[in-house]
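Reproduced below: final-v1.cif, with mmCIF, C-alpha atoms.
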```cif
data_input
#
loop_
_atom_site.group_PDB
_atom_site.id
_atom_site.type_symbol
_atom_site.label_atom_id
_atom_site.label_comp_id
_atom_site.auth_asym_id
_atom_site.auth_seq_id
_atom_site.Cartn_x
_atom_site.Cartn_y
_atom_site.Cartn_z
ATOM 1 C CA MET A 70 -42.060 -211.446 47.524
ATOM 2 C CA LYS A 71 -40.751 -212.147 51.033
ATOM 3 C CA LEU A 72 -42.219 -211.778 54.480
ATOM 4 C CA TRP A 73 -39.796 -210.276 57.012
ATOM 5 C CA SER A 74 -40.857 -210.636 60.649
ATOM 6 C CA PHE A 75 -39.101 -209.019 63.613
ATOM 7 C CA GLY A 76 -39.931 -209.204 67.319
ATOM 8 C CA ASP A 77 -39.982 -211.241 70.512
ATOM 9 C CA SER A 78 -41.799 -214.411 71.628
ATOM 10 C CA PHE A 79 -44.975 -213.321 69.854
ATOM 11 C CA SER A 80 -42.981 -213.650 66.628
ATOM 12 C CA VAL A 81 -40.586 -216.566 67.212
ATOM 13 C CA GLU A 82 -40.897 -218.815 64.173
ATOM 14 C CA LEU A 83 -42.852 -222.037 64.512
ATOM 15 C CA ASN A 84 -40.000 -224.503 63.952
ATOM 16 C CA LYS A 85 -37.776 -222.761 66.495
ATOM 17 C CA HIS A 86 -40.199 -223.771 69.252
ATOM 18 C CA TYR A 87 -39.849 -227.441 68.359
ATOM 19 C CA GLN A 88 -36.048 -227.180 68.268
ATOM 20 C CA SER A 89 -35.812 -225.805 71.807
ATOM 21 C CA LYS A 90 -34.921 -227.781 74.919
ATOM 22 C CA ILE A 91 -38.572 -227.767 76.010
ATOM 23 C CA SER A 92 -39.877 -228.667 72.567
ATOM 24 C CA ASP A 93 -41.968 -231.630 73.794
ATOM 25 C CA ASP A 94 -44.106 -229.350 75.931
ATOM 26 C CA TYR A 95 -45.324 -227.014 73.191
ATOM 27 C CA THR A 96 -48.652 -227.551 71.503
ATOM 28 C CA ILE A 97 -48.311 -229.013 68.007
ATOM 29 C CA LEU A 98 -49.508 -226.662 65.285
ATOM 30 C CA ASP A 99 -49.539 -226.998 61.521
ATOM 31 C CA ASN A 100 -49.221 -223.229 61.156
ATOM 32 C CA ASN A 101 -48.609 -220.194 63.296
ATOM 33 C CA TRP A 102 -49.718 -216.718 62.223
ATOM 34 C CA GLN A 103 -46.584 -216.161 60.139
ATOM 35 C CA THR A 104 -46.708 -219.364 58.096
ATOM 36 C CA HIS A 105 -50.454 -219.010 57.544
ATOM 37 C CA LEU A 106 -49.969 -215.401 56.440
ATOM 38 C CA CYS A 107 -47.352 -216.563 53.947
ATOM 39 C CA LYS A 108 -49.942 -218.864 52.406
ATOM 40 C CA LEU A 109 -52.581 -216.130 52.298
ATOM 41 C CA LEU A 110 -50.183 -213.681 50.646
ATOM 42 C CA ASN A 111 -48.557 -216.279 48.395
ATOM 43 C CA VAL A 112 -45.178 -215.307 49.838
ATOM 44 C CA SER A 113 -42.172 -217.214 48.511
ATOM 45 C CA GLU A 114 -39.911 -216.877 51.568
ATOM 46 C CA LEU A 115 -40.224 -216.190 55.292
ATOM 47 C CA GLN A 116 -37.397 -214.491 57.194
ATOM 48 C CA VAL A 117 -37.828 -214.286 60.974
ATOM 49 C CA PHE A 118 -35.630 -212.340 63.399
ATOM 50 C CA ALA A 119 -37.170 -212.933 66.815
ATOM 51 C CA THR A 120 -36.404 -214.550 70.132
ATOM 52 C CA TRP A 121 -37.967 -214.949 73.551
ATOM 53 C CA GLY A 122 -37.630 -211.927 75.848
ATOM 54 C CA ALA A 123 -36.130 -209.701 73.162
ATOM 55 C CA SER A 124 -36.099 -205.923 73.395
ATOM 56 C CA ASN A 125 -36.872 -203.227 70.843
ATOM 57 C CA ASP A 126 -33.236 -202.155 70.533
ATOM 58 C CA TRP A 127 -32.232 -205.720 69.594
ATOM 59 C CA THR A 128 -35.076 -205.764 67.071
ATOM 60 C CA TRP A 129 -33.959 -202.439 65.603
ATOM 61 C CA ASN A 130 -30.421 -203.778 65.255
ATOM 62 C CA ASN A 131 -31.763 -206.684 63.195
ATOM 63 C CA ILE A 132 -33.799 -204.345 61.023
ATOM 64 C CA MET A 133 -30.766 -202.196 60.280
ATOM 65 C CA LYS A 134 -28.686 -205.258 59.385
ATOM 66 C CA THR A 135 -31.286 -206.556 56.922
ATOM 67 C CA ALA A 136 -33.070 -203.485 55.528
ATOM 68 C CA ASP A 137 -30.821 -203.300 52.466
ATOM 69 C CA ASN A 138 -32.225 -206.686 51.449
ATOM 70 C CA PHE A 139 -35.858 -205.527 51.432
ATOM 71 C CA GLU A 140 -37.169 -205.654 47.875
ATOM 72 C CA ALA A 141 -40.162 -204.068 46.182
ATOM 73 C CA ASP A 142 -43.492 -205.343 47.560
ATOM 74 C CA ASP A 143 -41.852 -207.280 50.402
ATOM 75 C CA ILE A 144 -43.927 -207.509 53.571
ATOM 76 C CA VAL A 145 -42.172 -206.196 56.699
ATOM 77 C CA ILE A 146 -43.809 -206.768 60.092
ATOM 78 C CA ILE A 147 -42.091 -205.152 63.073
ATOM 79 C CA GLN A 148 -43.590 -206.477 66.293
ATOM 80 C CA ALA A 149 -42.862 -204.024 69.095
ATOM 81 C CA THR A 150 -42.227 -205.473 72.540
ATOM 82 C CA SER A 151 -42.521 -204.202 76.112
ATOM 83 C CA PHE A 152 -40.924 -200.845 76.875
ATOM 84 C CA ASN A 153 -39.159 -202.153 80.014
ATOM 85 C CA ARG A 154 -36.672 -204.372 78.198
ATOM 86 C CA LEU A 155 -33.099 -203.534 77.329
ATOM 87 C CA TRP A 156 -30.510 -205.477 75.301
ATOM 88 C CA ILE A 157 -27.962 -205.383 78.070
ATOM 89 C CA ILE A 158 -25.921 -208.545 77.334
ATOM 90 C CA ASN A 159 -24.718 -208.752 73.740
ATOM 91 C CA ASN A 160 -24.853 -212.519 73.209
ATOM 92 C CA TYR A 161 -28.080 -213.061 75.147
ATOM 93 C CA PRO A 162 -30.891 -210.879 73.797
ATOM 94 C CA GLU A 163 -33.339 -213.201 75.579
ATOM 95 C CA TYR A 164 -32.124 -211.696 78.871
ATOM 96 C CA SER A 165 -33.413 -208.262 77.858
ATOM 97 C CA ASN A 166 -36.454 -208.950 80.009
ATOM 98 C CA PHE A 167 -34.341 -208.849 83.173
ATOM 99 C CA MET A 168 -36.669 -206.346 84.843
ATOM 100 C CA MET A 169 -39.511 -208.887 84.855
ATOM 101 C CA ALA A 170 -38.014 -212.365 84.498
ATOM 102 C CA PRO A 171 -35.214 -214.140 86.409
ATOM 103 C CA ILE A 172 -31.833 -214.413 84.700
ATOM 104 C CA ASP A 173 -30.452 -217.869 83.954
ATOM 105 C CA LYS A 174 -27.148 -217.580 85.815
ATOM 106 C CA GLU A 175 -25.749 -220.610 83.995
ATOM 107 C CA HIS A 176 -24.837 -218.484 80.975
ATOM 108 C CA ILE A 177 -23.540 -215.256 82.505
ATOM 109 C CA SER A 178 -20.812 -214.423 84.981
ATOM 110 C CA LYS A 179 -21.232 -213.448 88.619
ATOM 111 C CA ASN A 180 -20.054 -209.940 87.762
ATOM 112 C CA GLN A 181 -22.688 -209.627 85.031
ATOM 113 C CA THR A 182 -25.374 -210.854 87.409
ATOM 114 C CA LYS A 183 -24.266 -208.384 90.055
ATOM 115 C CA SER A 184 -24.153 -205.549 87.506
ATOM 116 C CA ILE A 185 -27.708 -206.255 86.418
ATOM 117 C CA GLU A 186 -28.928 -206.225 90.006
ATOM 118 C CA MET A 187 -27.088 -202.959 90.647
ATOM 119 C CA PHE A 188 -28.630 -201.450 87.521
ATOM 120 C CA LYS A 189 -32.119 -202.470 88.629
ATOM 121 C CA ARG A 190 -31.534 -201.093 92.102
ATOM 122 C CA HIS A 191 -29.680 -197.856 91.378
ATOM 123 C CA LEU A 192 -30.058 -196.809 87.723
ATOM 124 C CA TYR A 193 -33.430 -197.961 86.446
ATOM 125 C CA HIS A 194 -36.111 -195.362 85.915
ATOM 126 C CA GLU A 195 -39.238 -195.670 83.813
ATOM 127 C CA GLN A 196 -38.708 -192.433 81.909
ATOM 128 C CA MET A 197 -35.590 -193.842 80.254
ATOM 129 C CA PHE A 198 -37.500 -196.905 79.050
ATOM 130 C CA TYR A 199 -40.484 -194.841 77.877
ATOM 131 C CA THR A 200 -38.120 -192.585 75.940
ATOM 132 C CA LEU A 201 -36.378 -195.526 74.269
ATOM 133 C CA HIS A 202 -39.755 -197.030 73.339
ATOM 134 C CA ASN A 203 -40.896 -193.741 71.809
ATOM 135 C CA MET A 204 -37.634 -193.429 69.861
ATOM 136 C CA PHE A 205 -38.120 -196.968 68.531
ATOM 137 C CA SER A 206 -41.716 -196.225 67.558
ATOM 138 C CA HIS A 207 -40.798 -193.074 65.653
ATOM 139 C CA ALA A 208 -37.902 -194.843 63.954
ATOM 140 C CA CYS A 209 -40.195 -197.641 62.781
ATOM 141 C CA TYR A 210 -42.831 -195.300 61.386
ATOM 142 C CA ASN A 211 -40.164 -193.236 59.613
ATOM 143 C CA LEU A 212 -38.851 -196.455 58.098
ATOM 144 C CA GLY A 213 -42.031 -196.595 56.044
ATOM 145 C CA LYS A 214 -41.167 -193.196 54.561
ATOM 146 C CA ILE A 215 -37.564 -194.172 53.874
ATOM 147 C CA LEU A 216 -38.554 -197.502 52.298
ATOM 148 C CA PRO A 217 -41.823 -196.768 50.462
ATOM 149 C CA HIS A 218 -41.323 -199.808 48.215
ATOM 150 C CA VAL A 219 -42.121 -202.258 51.067
ATOM 151 C CA LYS A 220 -45.445 -202.962 52.797
ATOM 152 C CA LEU A 221 -44.926 -202.186 56.477
ATOM 153 C CA LEU A 222 -46.885 -203.098 59.605
ATOM 154 C CA ILE A 223 -45.891 -202.020 63.108
ATOM 155 C CA LEU A 224 -47.533 -204.730 65.229
ATOM 156 C CA PRO A 225 -47.938 -203.717 68.907
ATOM 157 C CA GLY A 226 -46.997 -206.438 71.356
ATOM 158 C CA PHE A 227 -47.556 -204.962 74.805
ATOM 159 C CA HIS A 228 -48.561 -201.327 74.349
ATOM 160 C CA THR A 229 -50.969 -199.660 71.956
ATOM 161 C CA MET A 230 -49.429 -197.811 69.030
ATOM 162 C CA PRO A 231 -50.857 -195.583 66.284
ATOM 163 C CA GLY A 232 -52.542 -197.343 63.384
ATOM 164 C CA VAL A 233 -53.626 -200.483 65.265
ATOM 165 C CA ASN A 234 -56.417 -200.965 67.782
ATOM 166 C CA GLY A 235 -55.130 -202.926 70.784
ATOM 167 C CA CYS A 236 -52.061 -205.130 71.002
ATOM 168 C CA LEU A 237 -51.080 -208.802 70.967
ATOM 169 C CA MET A 238 -51.313 -208.970 74.743
ATOM 170 C CA ASP A 239 -55.058 -208.433 74.301
ATOM 171 C CA VAL A 240 -55.216 -211.606 72.208
ATOM 172 C CA CYS A 241 -53.058 -213.493 74.711
ATOM 173 C CA ASN A 242 -54.839 -212.366 77.878
ATOM 174 C CA ASN A 243 -58.346 -212.709 76.493
ATOM 175 C CA GLU A 244 -57.830 -216.439 76.052
ATOM 176 C CA PHE A 245 -58.258 -216.710 79.836
ATOM 177 C CA GLU A 246 -61.663 -216.853 81.459
ATOM 178 C CA SER A 247 -60.563 -214.328 84.097
ATOM 179 C CA ASP A 248 -57.522 -212.631 85.628
ATOM 180 C CA ILE A 249 -57.628 -215.177 88.453
ATOM 181 C CA VAL A 250 -57.430 -218.100 86.012
ATOM 182 C CA GLU A 251 -54.567 -216.389 84.181
ATOM 183 C CA GLU A 252 -52.631 -216.033 87.434
ATOM 184 C CA LYS A 253 -53.219 -219.687 88.303
ATOM 185 C CA PHE A 254 -52.166 -220.793 84.820
ATOM 186 C CA TYR A 255 -48.774 -219.096 85.025
ATOM 187 C CA LYS A 256 -48.192 -220.328 88.575
ATOM 188 C CA TYR A 257 -49.001 -223.921 87.644
ATOM 189 C CA HIS A 258 -47.105 -224.111 84.336
ATOM 190 C CA SER A 259 -43.376 -223.453 84.271
ATOM 191 C CA PHE A 260 -43.765 -221.633 80.955
ATOM 192 C CA ASP A 261 -46.416 -220.672 78.413
ATOM 193 C CA TYR A 262 -46.895 -223.751 76.225
ATOM 194 C CA ARG A 263 -48.947 -221.785 73.672
ATOM 195 C CA ILE A 264 -46.973 -221.086 70.491
ATOM 196 C CA ASN A 265 -46.488 -217.288 70.379
ATOM 197 C CA HIS A 266 -48.806 -217.085 73.436
ATOM 198 C CA MET A 267 -51.982 -217.871 71.543
ATOM 199 C CA HIS A 268 -54.292 -220.684 70.503
ATOM 200 C CA GLU A 269 -54.057 -222.114 66.986
ATOM 201 C CA LYS A 270 -57.430 -220.597 66.108
ATOM 202 C CA ASN A 271 -56.105 -217.169 67.006
ATOM 203 C CA HIS A 272 -53.024 -217.668 64.840
ATOM 204 C CA LEU A 273 -55.330 -218.138 61.860
ATOM 205 C CA ILE A 274 -57.538 -215.212 62.842
ATOM 206 C CA LEU A 275 -54.515 -212.942 63.318
ATOM 207 C CA ALA A 276 -53.127 -213.873 59.904
ATOM 208 C CA GLU A 277 -56.498 -213.122 58.288
ATOM 209 C CA LYS A 278 -56.666 -209.758 60.061
ATOM 210 C CA ILE A 279 -53.135 -208.831 58.933
ATOM 211 C CA LEU A 280 -54.054 -209.789 55.363
ATOM 212 C CA LYS A 281 -57.033 -207.418 55.538
ATOM 213 C CA PHE A 282 -54.764 -204.706 56.959
ATOM 214 C CA PHE A 283 -52.571 -204.887 53.869
ATOM 215 C CA GLU A 284 -55.737 -204.691 51.802
ATOM 216 C CA GLY A 285 -56.516 -201.347 53.411
ATOM 217 C CA ASN A 286 -58.612 -202.260 56.451
ATOM 218 C CA GLU A 287 -58.115 -201.363 60.110
ATOM 219 C CA LEU A 288 -56.265 -203.904 62.240
ATOM 220 C CA ASP A 289 -58.211 -204.540 65.441
ATOM 221 C CA LEU A 290 -56.574 -206.846 68.001
ATOM 222 C CA THR A 291 -59.321 -206.450 70.591
ATOM 223 C CA THR A 292 -62.245 -208.217 68.913
ATOM 224 C CA GLY A 293 -63.012 -211.229 66.728
ATOM 225 C CA PHE A 294 -60.663 -213.702 68.441
ATOM 226 C CA TYR A 295 -61.245 -217.041 70.193
ATOM 227 C CA ASN A 296 -61.600 -215.980 73.838
ATOM 228 C CA HIS A 297 -61.988 -217.432 77.354
ATOM 229 C CA TYR A 298 -61.244 -221.058 76.508
ATOM 230 C CA ILE A 299 -58.748 -221.422 79.398
ATOM 231 C CA THR A 300 -60.971 -221.849 82.449
ATOM 232 C CA GLU A 301 -60.898 -222.780 86.118
ATOM 233 C CA LYS A 302 -61.641 -226.372 85.105
ATOM 234 C CA ASN A 303 -58.954 -226.870 82.442
ATOM 235 C CA TYR A 304 -56.052 -224.460 83.100
ATOM 236 C CA LYS A 305 -53.809 -227.312 84.342
ATOM 237 C CA LEU A 306 -54.091 -229.137 81.012
ATOM 238 C CA VAL A 307 -52.087 -228.538 77.852
ATOM 239 C CA LEU A 308 -54.932 -227.647 75.538
ATOM 240 C CA ASP A 309 -54.747 -228.322 71.811
ATOM 241 C CA SER A 310 -58.319 -227.322 71.020
#
```

What is this structure when it is put down as structure tokens?
Amino acid sequence: MKLWSFGDSFSVELNKHYQSKISDDYTILDNNWQTHLCKLLNVSELQVFATWGASNDWTWNNIMKTADNFEADDIVIIQATSFNRLWIINNYPEYSNFMMAPIDKEHISKNQTKSIEMFKRHLYHEQMFYTLHNMFSHACYNLGKILPHVKLLILPGFHTMPGVNGCLMDVCNNEFESDIVEEKFYKYHSFDYRINHMHEKNHLILAEKILKFFEGNELDLTTGFYNHYITEKNYKLVLDS
């Protein structure tokens, strides 16, 4: 039995963080939610298709490329991302978050940069992104009907979706004492040093909750997590506990 995990930074595999150019700044964990879930489920192999800033269309492309390899009783977790992302540059899926995050101009041409700015200014409209998100959602849920031999979870990242209460952003945001502290945290730190945007305790809790989901229980991402540990007094620190 394998665990297949698809998504964005909420789902980037643990080792990939420590192989990045900012690896020394990440908190050191023994397990993230995926590796702990593998232990709970006695899974023999973990396959992860995720990167920072990825979009749902990039995720769907990975699903279509790998779905033929899903075997009976495999676990498939599709983590949906924010609706306002689009896989606009083929070789850089991490730039799909161009509506919210600055583009690293080191890797793309001036014409590509200009085209993105023109798209944002003249072509972007929310209805297009909402429609694409809804298409992705329906495609994922229909996948469960097409592949009834696998155990499927659609894990909401930024927006609520049927079958799950809340989303991973609830886990992420609730680690802050208040909205003001959250704003200060992101202004002070150049990036989010938390692996998959959550504390180690919440990785373990999330894995336990997903296990119970596959045992037939509701998955609730709004309660039962380690909350409000990032405060006005400690938000400047890199917290391991």

Reference answer for the PyMOL selection byres ((chain A and resi 127) around 9), as a ChimeraX atom specification = /A:76,123-126,128-132,155-156,162,165

Skip A:Gly226 itself and residues of its chain fewer than 4 positions away, then list as a PyMOL selection string all residues within 9 Å of it, counting all atoms listed in the file.
-> chain A and resi 76-77+79+148-151+235-239

Given the file shown, determine the residues that the PyMOL selection byres ((chain A and resi 167) around 10) selects; report them as a PyMOL selection string.
-> chain A and resi 122+153-157+163-166+168-173+185-186+189

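Distance check against A:Val233 using only C-alpha atoms: of A:Ile158, A:Ile279, A:Val250, A:Ala208, the minimum falls on A:Ile279.
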
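Atom CA of A:Ile97 is found 8.4 Å from atom CA of A:Ile264.
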
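Between atom CA of A:Phe152 and atom CA of A:Leu201 there is a distance of 7.5 Å.
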
Name every residue that the PyMOL selection byres ((chain A and resi 217) around 12) selects in this structure, writing the answer as a JSON list (two decimals) with C-alpha atoms, in the frame of the given file with chains first and numbers rising.
```
[["chain", "number", "residue", "atom", "x", "y", "z"],
["A", 139, "PHE", "CA", -35.86, -205.53, 51.43],
["A", 140, "GLU", "CA", -37.17, -205.65, 47.88],
["A", 141, "ALA", "CA", -40.16, -204.07, 46.18],
["A", 142, "ASP", "CA", -43.49, -205.34, 47.56],
["A", 143, "ASP", "CA", -41.85, -207.28, 50.40],
["A", 144, "ILE", "CA", -43.93, -207.51, 53.57],
["A", 145, "VAL", "CA", -42.17, -206.20, 56.70],
["A", 210, "TYR", "CA", -42.83, -195.30, 61.39],
["A", 211, "ASN", "CA", -40.16, -193.24, 59.61],
["A", 212, "LEU", "CA", -38.85, -196.46, 58.10],
["A", 213, "GLY", "CA", -42.03, -196.60, 56.04],
["A", 214, "LYS", "CA", -41.17, -193.20, 54.56],
["A", 215, "ILE", "CA", -37.56, -194.17, 53.87],
["A", 216, "LEU", "CA", -38.55, -197.50, 52.30],
["A", 218, "HIS", "CA", -41.32, -199.81, 48.22],
["A", 219, "VAL", "CA", -42.12, -202.26, 51.07],
["A", 220, "LYS", "CA", -45.44, -202.96, 52.80],
["A", 221, "LEU", "CA", -44.93, -202.19, 56.48]]
```

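With all atoms listed in the file as the basis for measurement, A:Phe75 is the residue among A:Gln103, A:His86, A:Phe75, A:His176 that approaches A:Thr135 most closely.
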
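Closest approach to A:Thr104 among A:Leu275, A:Phe260, A:Met230, A:Ile177: A:Leu275, based on all atoms listed in the file.
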
Quick one: residues within 12 Å of (-57.8, -225.4, 65.8) (file frame), counting all atoms listed in the file, please, as an MDAnalysis selection string.
-> chainID A and resid 96:101 267:274 295 308:310

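As for atom CA of A:Met70 and atom CA of A:Ile147, they are spaced 16.8 Å apart.
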